[in-house]
Every structure is written in C-alpha cells, then in structure tokens.
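> My structure file model_37.pdb, PDB, C-alpha atoms, is below:
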ATOM      1  CA  MET V   1       0.000   0.000   0.000
ATOM      2  CA  ASP V   2       1.573   3.334  -1.026
ATOM      3  CA  PHE V   3       1.893   6.467   1.139
ATOM      4  CA  ARG V   4      -1.113   8.257  -0.364
ATOM      5  CA  LYS V   5      -3.347   5.310   0.378
ATOM      6  CA  HIS V   6      -2.084   5.214   3.986
ATOM      7  CA  LEU V   7      -2.731   8.947   4.302
ATOM      8  CA  GLY V   8      -6.238   8.585   2.955
ATOM      9  CA  LEU V   9      -7.000   5.787   5.408
ATOM     10  CA  TRP V  10      -5.780   7.783   8.423
ATOM     11  CA  THR V  11      -7.735  10.834   7.266
ATOM     12  CA  LEU V  12     -10.880   8.714   7.131
ATOM     13  CA  VAL V  13     -10.234   7.325  10.633
ATOM     14  CA  LEU V  14      -9.685  10.827  12.042
ATOM     15  CA  ALA V  15     -12.826  12.149  10.373
ATOM     16  CA  THR V  16     -14.833   9.249  11.786
ATOM     17  CA  ILE V  17     -13.565   9.912  15.326
ATOM     18  CA  LEU V  18     -14.395  13.607  15.089
ATOM     19  CA  ALA V  19     -17.829  12.804  13.730
ATOM     20  CA  LEU V  20     -18.529  10.409  16.581
ATOM     21  CA  TYR V  21     -17.259  12.574  19.417
ATOM     22  CA  GLY V  22     -17.705  15.996  17.955
ATOM     23  CA  ARG V  23     -16.811  18.408  20.725
ATOM     24  CA  PRO V  24     -13.356  20.038  20.768
ATOM     25  CA  ALA V  25     -13.026  19.199  24.468
ATOM     26  CA  ASP V  26     -12.700  15.550  23.529
ATOM     27  CA  ALA V  27      -9.232  16.404  22.240
ATOM     28  CA  CYS V  28      -8.208  16.877  25.876
ATOM     29  CA  SER V  29      -6.854  13.728  27.431
ATOM     30  CA  CYS V  30      -5.538  13.241  30.962
ATOM     31  CA  MET V  31      -3.920  10.326  32.741
ATOM     32  CA  PRO V  32      -6.512   8.966  35.223
ATOM     33  CA  SER V  33      -5.583   9.908  38.785
ATOM     34  CA  HIS V  34      -6.839   8.860  42.202
ATOM     35  CA  PRO V  35      -8.133  11.769  44.365
ATOM     36  CA  GLN V  36      -5.138  11.185  46.664
ATOM     37  CA  THR V  37      -2.782  11.751  43.719
ATOM     38  CA  HIS V  38      -4.592  14.969  42.855
ATOM     39  CA  PHE V  39      -4.189  16.163  46.442
ATOM     40  CA  CYS V  40      -0.503  15.290  46.723
ATOM     41  CA  GLN V  41       0.469  16.812  43.364
ATOM     42  CA  ALA V  42      -1.666  19.957  43.585
ATOM     43  CA  ASP V  43      -0.291  23.447  44.086
ATOM     44  CA  TYR V  44      -3.406  24.250  46.099
ATOM     45  CA  VAL V  45      -6.381  22.382  47.541
ATOM     46  CA  VAL V  46      -9.363  24.431  48.661
ATOM     47  CA  GLN V  47     -13.031  24.279  49.471
ATOM     48  CA  LEU V  48     -14.763  27.181  47.753
ATOM     49  CA  ARG V  49     -18.096  28.639  46.772
ATOM     50  CA  VAL V  50     -18.495  30.047  43.264
ATOM     51  CA  LEU V  51     -19.875  33.604  43.395
ATOM     52  CA  ARG V  52     -19.820  34.743  39.771
ATOM     53  CA  LYS V  53     -17.863  34.464  36.536
ATOM     54  CA  SER V  54     -16.471  36.821  33.923
ATOM     55  CA  ASN V  55     -15.132  36.417  30.396
ATOM     56  CA  THR V  56     -13.564  39.887  30.227
ATOM     57  CA  ILE V  57     -10.878  39.947  32.950
ATOM     58  CA  GLU V  58      -8.264  37.855  31.113
ATOM     59  CA  PRO V  59      -8.196  37.356  27.324
ATOM     60  CA  GLY V  60      -9.170  33.837  26.332
ATOM     61  CA  LYS V  61     -10.063  32.822  29.886
ATOM     62  CA  THR V  62     -13.103  32.527  32.088
ATOM     63  CA  THR V  63     -12.431  33.922  35.556
ATOM     64  CA  TYR V  64     -14.470  32.726  38.514
ATOM     65  CA  LYS V  65     -14.869  34.935  41.556
ATOM     66  CA  VAL V  66     -14.890  32.556  44.507
ATOM     67  CA  HIS V  67     -15.146  32.613  48.274
ATOM     68  CA  ILE V  68     -12.453  30.374  49.772
ATOM     69  CA  LYS V  69     -14.151  28.574  52.649
ATOM     70  CA  ARG V  70     -11.122  26.486  53.605
ATOM     71  CA  THR V  71      -7.545  26.008  52.396
ATOM     72  CA  TYR V  72      -6.131  22.505  52.853
ATOM     73  CA  LYS V  73      -2.760  23.167  51.218
ATOM     74  CA  ALA V  74      -1.169  25.835  49.025
ATOM     75  CA  THR V  75       2.246  26.869  47.801
ATOM     76  CA  PRO V  76       3.287  30.491  48.493
ATOM     77  CA  GLU V  77       2.537  31.397  44.859
ATOM     78  CA  ALA V  78      -0.881  29.758  45.044
ATOM     79  CA  ARG V  79      -1.685  31.578  48.297
ATOM     80  CA  ARG V  80      -1.014  34.910  46.593
ATOM     81  CA  MET V  81      -3.357  33.942  43.759
ATOM     82  CA  LEU V  82      -6.074  32.686  46.106
ATOM     83  CA  ARG V  83      -5.878  35.919  48.123
ATOM     84  CA  ASP V  84      -7.638  37.651  45.221
ATOM     85  CA  GLY V  85     -10.453  35.100  45.269
ATOM     86  CA  ARG V  86     -10.188  34.375  41.561
ATOM     87  CA  LEU V  87      -9.617  31.194  39.580
ATOM     88  CA  ALA V  88      -9.022  31.269  35.828
ATOM     89  CA  THR V  89      -9.669  28.513  33.301
ATOM     90  CA  PRO V  90      -9.343  28.469  29.489
ATOM     91  CA  ARG V  91     -12.563  29.746  27.947
ATOM     92  CA  ASP V  92     -12.344  27.410  24.965
ATOM     93  CA  ASP V  93     -13.303  23.763  25.564
ATOM     94  CA  GLY V  94     -10.603  22.810  23.085
ATOM     95  CA  MET V  95      -8.027  24.252  25.519
ATOM     96  CA  CYS V  96      -9.372  22.008  28.308
ATOM     97  CA  GLY V  97     -11.346  24.645  30.181
ATOM     98  CA  ILE V  98     -13.873  23.671  32.853
ATOM     99  CA  SER V  99     -17.278  24.942  33.900
ATOM    100  CA  LEU V 100     -18.345  25.610  37.503
ATOM    101  CA  ASP V 101     -21.904  26.343  38.622
ATOM    102  CA  ILE V 102     -22.606  29.655  40.332
ATOM    103  CA  GLY V 103     -23.545  29.239  43.995
ATOM    104  CA  ARG V 104     -22.195  25.689  44.330
ATOM    105  CA  VAL V 105     -19.491  24.555  46.765
ATOM    106  CA  TYR V 106     -16.554  22.595  45.321
ATOM    107  CA  ILE V 107     -13.356  20.949  46.410
ATOM    108  CA  VAL V 108     -10.658  21.991  43.953
ATOM    109  CA  ALA V 109      -7.135  20.555  43.740
ATOM    110  CA  GLY V 110      -5.454  22.666  41.088
ATOM    111  CA  ARG V 111      -2.075  23.475  39.651
ATOM    112  CA  MET V 112      -0.724  26.800  38.523
ATOM    113  CA  PRO V 113      -1.365  28.848  36.488
ATOM    114  CA  ALA V 114      -4.925  27.940  35.380
ATOM    115  CA  LEU V 115      -7.516  25.334  36.283
ATOM    116  CA  ASN V 116      -8.286  22.714  33.624
ATOM    117  CA  VAL V 117     -10.060  19.385  33.120
ATOM    118  CA  CYS V 118      -6.981  17.400  34.186
ATOM    119  CA  HIS V 119      -7.229  18.811  37.709
ATOM    120  CA  TYR V 120      -9.596  17.702  40.472
ATOM    121  CA  TYR V 121     -12.822  19.645  40.936
ATOM    122  CA  LYS V 122     -15.937  18.098  42.406
ATOM    123  CA  GLU V 123     -19.087  19.454  43.957
ATOM    124  CA  TYR V 124     -18.843  18.941  47.711
ATOM    125  CA  THR V 125     -22.294  17.370  48.084
ATOM    126  CA  LYS V 126     -21.364  14.692  45.511
ATOM    127  CA  MET V 127     -18.210  13.566  47.327
ATOM    128  CA  THR V 128     -18.131  10.446  49.487
ATOM    129  CA  ILE V 129     -17.364  10.739  53.204
ATOM    130  CA  THR V 130     -13.992   9.103  52.560
ATOM    131  CA  GLU V 131     -13.123  11.688  49.900
ATOM    132  CA  ARG V 132     -14.087  14.532  52.237
ATOM    133  CA  HIS V 133     -11.946  13.121  55.051
ATOM    134  CA  GLY V 134      -9.113  12.514  52.604
ATOM    135  CA  PHE V 135      -8.997  16.094  51.408
ATOM    136  CA  SER V 136      -9.367  17.466  54.934
ATOM    137  CA  GLY V 137      -6.269  15.614  56.160
ATOM    138  CA  GLY V 138      -6.171  11.915  55.348
ATOM    139  CA  TYR V 139      -4.479  12.236  51.968
ATOM    140  CA  ALA V 140      -1.817  14.547  53.397
ATOM    141  CA  LYS V 141      -0.645  11.693  55.660
ATOM    142  CA  SER V 142      -0.382   9.341  52.694
ATOM    143  CA  CYS V 143       1.678  11.251  50.125
ATOM    144  CA  SER V 144       4.649   8.933  50.728
ATOM    145  CA  CYS V 145       2.552   6.251  49.027
ATOM    146  CA  GLU V 146       1.469   6.614  45.410
ATOM    147  CA  ALA V 147      -1.690   5.291  43.764
ATOM    148  CA  LYS V 148      -0.272   4.131  40.425
ATOM    149  CA  PRO V 149      -2.704   3.644  37.531
ATOM    150  CA  CYS V 150      -2.878   0.061  36.324
ATOM    151  CA  PHE V 151      -4.895  -1.191  33.353
ATOM    152  CA  LYS V 152      -4.488  -4.960  33.767
ATOM    153  CA  ASN V 153      -7.148  -7.369  34.987
ATOM    154  CA  ASN V 154      -5.232  -8.272  38.157
ATOM    155  CA  CYS V 155      -4.373  -4.744  39.322
ATOM    156  CA  LEU V 156      -5.722  -5.196  42.829
ATOM    157  CA  ASN V 157      -4.592  -8.768  43.517
ATOM    158  CA  ARG V 158      -1.497  -7.814  45.523
ATOM    159  CA  ARG V 159      -2.006  -6.305  48.972
ATOM    160  CA  HIS V 160       1.388  -4.848  49.943
ATOM    161  CA  TYR V 161       3.735  -2.633  47.945
ATOM    162  CA  ALA V 162       7.037  -0.922  48.681
ATOM    163  CA  ASP V 163       6.016   2.670  47.981
ATOM    164  CA  SER V 164       2.784   2.523  45.996
ATOM    165  CA  CYS V 165      -0.551   0.789  45.451
ATOM    166  CA  GLN V 166      -1.754  -0.392  42.088
ATOM    167  CA  TRP V 167      -4.973   1.406  41.239
ATOM    168  CA  SER V 168      -7.449   0.633  38.498
ATOM    169  CA  PRO V 169      -9.318   3.702  37.194
ATOM    170  CA  PHE V 170     -12.339   1.376  37.212
ATOM    171  CA  GLY V 171     -11.763   0.456  40.872
ATOM    172  CA  ARG V 172     -14.751   2.225  42.407
ATOM    173  CA  CYS V 173     -14.027   1.004  45.955
ATOM    174  CA  GLU V 174     -10.439   2.275  45.963
ATOM    175  CA  THR V 175     -11.406   5.570  44.346
ATOM    176  CA  ASN V 176     -14.401   6.431  46.502
ATOM    177  CA  TYR V 177     -13.701   4.692  49.803
ATOM    178  CA  SER V 178      -9.990   4.249  50.348
ATOM    179  CA  ALA V 179      -6.509   5.757  50.244
ATOM    180  CA  CYS V 180      -3.084   4.243  49.619
ATOM    181  CA  MET V 181      -1.495   4.529  53.066
ATOM    182  CA  PRO V 182       1.730   3.470  54.815
ATOM    183  CA  HIS V 183       1.353   0.262  56.777
ATOM    184  CA  VAL V 184       3.804  -1.563  59.039
ATOM    185  CA  VAL V 185       4.360  -5.201  58.081
ATOM    186  CA  GLN V 186       6.038  -7.684  60.413
ATOM    187  CA  THR V 187       8.646  -9.937  58.807
ATOM    188  CA  ALA V 188      11.185 -12.457  60.069
ATOM    189  CA  ASN V 189      13.793  -9.687  59.988
ATOM    190  CA  GLY V 190      11.664  -7.128  61.811
ATOM    191  CA  SER V 191       9.071  -4.558  60.790
ATOM    192  CA  ILE V 192       9.078  -2.764  57.456
ATOM    193  CA  SER V 193       6.861  -0.077  55.978
ATOM    194  CA  ARG V 194       4.674  -0.926  53.012
ATOM    195  CA  CYS V 195       1.766   0.729  51.234
ATOM    196  CA  ARG V 196      -1.726  -0.720  51.011
ATOM    197  CA  TRP V 197      -5.318   0.379  50.531
ATOM    198  CA  ARG V 198      -6.871   1.483  53.793
ATOM    199  CA  ARG V 199      -9.568  -0.998  54.786
ATOM    200  CA  THR V 200     -12.327   1.238  56.119
ATOM    201  CA  GLN V 201     -15.797  -0.089  56.860
ATOM    202  CA  LEU V 202     -17.161   1.565  53.725
ATOM    203  CA  TYR V 203     -14.328   0.060  51.675
ATOM    204  CA  ARG V 204     -15.047  -3.447  52.981
ATOM    205  CA  LYS V 205     -18.765  -2.995  52.310
ATOM    206  CA  CYS V 206     -18.039  -1.834  48.754
ATOM    207  CA  MET V 207     -15.691  -4.783  48.154
ATOM    208  CA  SER V 208     -18.335  -7.246  49.322
ATOM    209  CA  GLU V 209     -20.929  -5.959  46.861
ATOM    210  CA  PRO V 210     -21.416  -7.991  43.657
TER     211      PRO V 210
END
What do you get writing this file as structure tokens?

Amino acid sequence: MDFRKHLGLWTLVLATILALYGRPADACSCMPSHPQTHFCQADYVVQLRVLRKSNTIEPGKTTYKVHIKRTYKATPEARRMLRDGRLATPRDDGMCGISLDIGRVYIVAGRMPALNVCHYYKEYTKMTITERHGFSGGYAKSCSCEAKPCFKNNCLNRRHYADSCQWSPFGRCETNYSACMPHVVQTANGSISRCRWRRTQLYRKCMSEP
C-alpha cells in the first residue's frame, strides 16, 4: 500500500472519530488519577463557593470569583493567587477549560497557572465521606505512598507494595472509599513499611458488593 493510500486511510479514521465525538473538548486527554494523587500533586487544595464568573478579565479565559471557605494546602505562589479570590480557566473547551456552577461549593485541587479538566474539581455534596476526610487531612498523611494507575485485569490482587498501590481507574471502591497509606508489616527480619489500601468499613462494604 503506497503512502497516499495510507494517508487517505488515516484521514478517514480521524474524520470518523471527530464525527462520533464531535466536541473540541474531547481532544483533551488526561492520565486517570486517584483523588489522593490529585491532592498530593496539587499546588493548592481548597473548598470554595463560586460567586460569579467573567469572560472579560483575562483574554481567552473565564475567571471565577470565589469565596475560599477552607484552604487545605497551598504553595506560596498559590496563596497569593487565592488571596484575590479568583480562579481562571481556558474559555475554549478545546483548551481544556472547565465549567463551575454559580452558587455551588466545590473541592478543587489545582495546579498553577490555570484550572483545567486534568485537575480535580468536584461538587462537595457529591463527594463520598472518605473523599471529604481525605482532602481534609487523610491524603496529606499518605503522600509517601502513590496510587499508580494500572490497566491490567489483576491490578488489585497484591495487597502490599514498597512505595505505591496499584490502582485501576475502574476500581470504584479504591477511588471512593480508600486511600493508599503506609502500613507496618512484620517480617522475620523485623518490621518494614509498606503501602496498602486502607480498609475502612465503607471500603469493605463496597468490596463485598457484587
């Protein structure tokens, strides 16, 4: 098959994908991340209420005026930004901008300089109790352990890891009801630190469901 035929085939495939998915925002792709990973890697983590939005403050961006109800973590640069009570996001969906609802309360774990779809933002009332506790302090104690994305069928078979836990993006129980935390394991040579999913009551209940 010559080059022109290859090119024509790939053009057809691309056109089909665009026709199926349509929206420019679908061009944005992010590596799946556990909420704990979002917390540990964020420049700032806050609970906020959205007051209003503007499309005229910064060219090409939507700026949300917010009331910061609580700051869980923030770098010095992020604290200066949050002091103004404004969060910016690309206005164009194709640039991975997000949309927040006026009047709603969110937990946001963002990175500088602008908020986008690859960051964590979730309405507070839609978070599980475990997620709320994680962002209010639990995840901060677990940043020495990493929830590593895994796409194999046996991702969650192993229980102990040196410095991480395997996490399936489809693992609802681990995502909503657990965190990858340090755990002391007794061995013949003494105790060593390992990482494992925290076995809360809600996690056990979720794991027992069909």
> Give the answer as one residue: which of V:Gln41, V:Asn116, V:Ser136, V:Ser193 has the shortest atom-to-atom distance to Lys61 of chain V, using only C-alpha atoms?
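So, comparing all the options, the nearest one is V:Asn116.
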> Can you work out which one of V:Ser168, V:Pro59, V:Ser142, V:Ala188 has the shortest atom-to-atom distance to Asn154 of chain V, counting all atoms listed in the file?
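Looking only at the distances to Asn154 of chain V, the closest residue turns out to be V:Ser168.
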> Would you please work out which residue, of V:Leu202, V:Cys165, V:Leu51, V:Cys96, is nearest to Gln36 of chain V when using all atoms listed in the file?
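Of V:Leu202, V:Cys165, V:Leu51, V:Cys96, the one nearest Gln36 of chain V, counting all atoms listed in the file, is V:Cys165.
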> Apply the PyMOL selection byres ((chain V and resi 70) around 7) to the displayed file and report the matching residues as an MDAnalysis selection string.
chainID V and resid 46:48 68:69 71:72
> Interatomic distance between atom CA of Asn189 of chain V and atom CA of Leu156 of chain V?
26.4 Å
> Take the PyMOL selection byres ((chain V and resi 63) around 7), apply it to the structure above, and return the hits as a PyMOL selection string.
chain V and resi 53-55+57+61-62+64-65+86-89
> Could you tell me how far atom CA of Lys141 of chain V sits from atom CA of Cys195 of chain V, in Å to one decimal place?
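Interatomic distance here is 12.1 Å.
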> Mind giving me the straight-line distance from atom CA of Pro182 of chain V to atom CA of Lys126 of chain V in Å, one decimal?
27.3 Å
> Let me make sure I understand: among V:Cys173, V:Arg49, V:Cys143, V:Gln186, which one has the smallest atom-to-atom distance to Glu123 of chain V if we use all atoms listed in the file?
V:Arg49
> Can you list, as an MDAnalysis selection string, the residues that the PyMOL selection byres ((chain V and resi 117-119) around 12) selects here?
chainID V and resid 25:45 89:100 107:116 120:122
> Counting all atoms listed in the file, what is within 8 Å of Val50 of chain V, bar same-chain residues fewer than 3 positions away, as a list of chain:residue names?
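Residues near the query, excluding close chain neighbours: V:Tyr64, V:Lys65, V:Val66, V:His67, V:Leu100, V:Asp101, V:Ile102, V:Gly103, V:Arg104, V:Val105, V:Tyr106.
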> V:His183, V:Lys152, V:Arg79, V:Arg198: which is nearest Gly138 of chain V, counting only C-alpha atoms?
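The closest residue to Gly138 of chain V is V:Arg198.
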> Go through V:Lys73, V:Arg52, V:Thr130, V:Cys206 one by one, measure the shortest atom-to-atom distance of each to Gly85 of chain V using all atoms listed in the file, and give the residue with the smallest value.
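Closest residue, counting all atoms listed in the file: V:Arg52.
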